[in-house]
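Report on the following structure.
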Amino acid sequence: MTTKNNHPKAATVSFRQCLQGTWADRTLLFSLLLVIAFLWLQISHTLNQGNPTAYIYHGDTLLAKYPLPDDERMIHVAAQGEIGISDIEISKNGIRFDSSPCTTHHCILAGSKRYAGSVIACVPNHIMVVIRGSDKQNKESIKFDAISE
Amino acid sequence: MIKHKMTIPPRPPLAVLQQQSVWLSFVLLAIGLHVFEAALPSLGPWFKFGVANIMTLLALMYLGARAAFTLAIARVIIGSMFIGTLFTPTFFISLTGALSAATVMVIFYKLIPHISLISLSLLAAIAHMSGQFIAVETWFIQQPAIYYLLPPLLLLSCVSGWINGAIASYIWQRLKDDI
């Protein structure tokens with residue numbers, strides 16, 4: 001059978017040799033890692049501004065926005081999505097999906113998130129929660145208030 | 001009584017039949033890998049290892065661009081039937097990812113004749129993940145904030161792309177003279 005590829009034939013090699021790749025592969029990997037690291041830094045920098053706040057979206061609509069509580073308070077938000085209501089719990093430990101009408105329950109299994117840039121999305125129900133702002137900046141601002149008093 | 005004359009269509013050449021059988025065996029393997037991966041415990045929401053892309057890569061090398069595209073579409077559609085996700089959001093996200101990966105593979109394969117399978121797989125893995133995020137942002141959650149998740153998942157895609165490329169390269173080295 002004639003194959004359609006134009007690539008040169010090489011001697012049979014072991015899997016370990018295949019895993020090492022060529023210098024071109026390593027250069028490509030290094031370049032990709034650099035781009036990803038740069039993207040990640042940019043996103044972290046954008047997100048770390050302000051107090052930690054949870055944003056709850058349905059599609060392109062912002063349903064609710066809550067600062068993460070410092071005390072033992074627990075806020076429950078019923079977010080109406082495409083296929084039903086997702087119950088979202090906000091506490092000092094972070095934000096998590098308590099219940100969801102989706103079948104996969106990836107959103108519930110994602111657990112609790114509290115750091116800036118954390119995202120939990122329930123794609124079937126079109127609901128997404130995002131945390132923006134950092135604890136570090138929050139603490140620094142509290143310290144500054146104390147000094148100014 | 002009218003007698004219908006039976007006309008037997010001409011038999012396709014053996015080379016064509018062989019190509020079709022190789023394509024079919026690749027599709028079956030890809031479906032098997034797709035279903036197997038769905039049954040495995042997830043490494044986290046949004047991330048899968050993408051082992052079925054190995055078969056798309058091999059189809060591209062053995063049979064060409066058209067075979068790679070049809071394989072990617074067939075394995076997502078038939079695989080989704082087995083998993084029970086046909087026409088759900090998961091299906092559309094998966095199809096977009098598979099098509100993005102196949103498109104990038106074909107473009108770079110045609111543009112750079114001596115590109116290695118690891119490089120192709122790396123680029124395909126990045127395209128797969130990015131394509132899925134674009135699909136989610138376009139059809140399901142119209143919030144750019146969804147891209148906050150992208151960088152860590154792209155890092156994992158690099159790892160999975162490299163390993164899948166190495167596996168594809170190993171299989172290619174072993175089988176290229178036999179098929």
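Scheme for the structure tokens: letters A, B, ... for chains in order shown; per-chain residue numbers from 1; ligand numbers from 1 in order shown.
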
Counting only C-alpha atoms, which residues of range 81-154 of chain B fall within 12 Å of range 69-82 of chain A, and what is the closest atom pair for each with its distance in Å at one decimal, ordered by chain and rising number, as a tab-separated table?
residue	atom	partner	partner_atom	distance
B:Pro89	CA	A:Glu82	CA	11.8
B:Phe140	CA	A:Glu82	CA	9.6
B:Ile141	CA	A:Gly81	CA	10.7

Serialized selection, N, CA and C atoms, as a compact mmCIF listing (two decimals), in the first residue's frame:
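Written file, out-v6.txt:
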# COMPACT_ATOMS: atom_id res chain seq x y z
N PRO B 89 -23.95 19.62 25.56
CA PRO B 89 -22.84 20.58 25.49
C PRO B 89 -21.48 19.89 25.40
N PHE B 140 -21.95 28.86 25.34
CA PHE B 140 -22.54 28.51 26.65
C PHE B 140 -22.39 29.61 27.70
N ILE B 141 -21.18 30.05 27.96
CA ILE B 141 -20.97 31.06 29.00
C ILE B 141 -20.24 32.23 28.36

request  = If you run DSSP over the backbone, which residues in chain A end up strand (DSSP E)? Put them as number ranges by chain.
outcome  = A: 53-58, 61-67, 75-80, 85-91, 94-99, 119-122, 127-132

task = For chain A, work out the contacting residues on chain B at 7 Å, counting only C-alpha atoms, and write them as an MDAnalysis selection string.
result = chainID B and resid 15 45 61:64 89 113:114 118:119 140:143 148:149 151 163 166 169:170 173:174 179

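Interatomic distance, CA of Arg114 in chain A to CA of Ile146 in chain B: 16.1 Å.
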
request  = Find the residues near range 22-32 of chain B: any atom within 12 Å, counting only C-alpha atoms, skip ones fewer than 5 places away on the same chain, and give them as an MDAnalysis selection string.
outcome  = (chainID A and resid 1 3) or (chainID B and resid 15:17 37:39 50:83 98 175 178:179)

Would you put the residues from that selection into a file with C-alpha atoms, as a short mmCIF file (atom, residue, chain, number, x, y, z; two decimals), in the first residue's frame?
data_model
loop_
_atom_site.label_atom_id
_atom_site.label_comp_id
_atom_site.auth_asym_id
_atom_site.auth_seq_id
_atom_site.Cartn_x
_atom_site.Cartn_y
_atom_site.Cartn_z
CA MET A 1 0.00 0.00 0.00
CA THR A 3 1.23 5.97 1.94
CA ALA B 15 -5.12 -0.36 -2.59
CA VAL B 16 -8.32 1.63 -1.98
CA LEU B 17 -9.89 -1.23 -0.03
CA GLU B 37 -10.86 7.81 28.52
CA ALA B 38 -14.40 8.88 29.40
CA ALA B 39 -14.61 5.94 31.80
CA GLY B 50 -6.61 13.23 24.74
CA VAL B 51 -5.22 9.81 23.82
CA ALA B 52 -7.70 9.51 20.93
CA ASN B 53 -5.74 12.28 19.19
CA ILE B 54 -2.94 9.71 18.69
CA MET B 55 -5.17 7.98 16.14
CA THR B 56 -5.87 11.29 14.34
CA LEU B 57 -2.12 11.87 14.10
CA LEU B 58 -1.51 8.37 12.74
CA ALA B 59 -4.37 8.73 10.25
CA LEU B 60 -2.80 11.96 9.03
CA MET B 61 0.58 10.26 8.57
CA TYR B 62 -0.73 7.09 6.93
CA LEU B 63 -3.77 8.24 4.98
CA GLY B 64 -3.69 12.02 4.63
CA ALA B 65 -5.62 15.09 5.74
CA ARG B 66 -9.10 14.02 4.66
CA ALA B 67 -8.84 10.73 6.57
CA ALA B 68 -7.66 12.59 9.69
CA PHE B 69 -10.65 14.97 9.58
CA THR B 70 -13.22 12.24 8.97
CA LEU B 71 -11.68 10.15 11.73
CA ALA B 72 -11.89 13.05 14.21
CA ILE B 73 -15.56 13.64 13.38
CA ALA B 74 -16.51 9.95 13.35
CA ARG B 75 -14.86 9.15 16.67
CA VAL B 76 -16.53 12.06 18.48
CA ILE B 77 -19.99 11.26 17.07
CA ILE B 78 -19.83 7.48 17.59
CA GLY B 79 -17.91 7.78 20.88
CA SER B 80 -20.54 10.19 22.21
CA MET B 81 -23.26 7.67 21.33
CA PHE B 82 -21.54 5.09 23.51
CA ILE B 83 -20.95 7.51 26.39
CA ALA B 98 -11.20 17.51 17.92
CA LEU B 175 4.27 0.19 11.87
CA ASP B 178 3.97 -2.92 7.75
CA ILE B 179 0.77 -1.13 6.76
#

key: Residue list (alpha helix (DSSP H), DSSP) for chain A, as number ranges by chain   = A: 15-20, 23-47, 106-109, 135-148
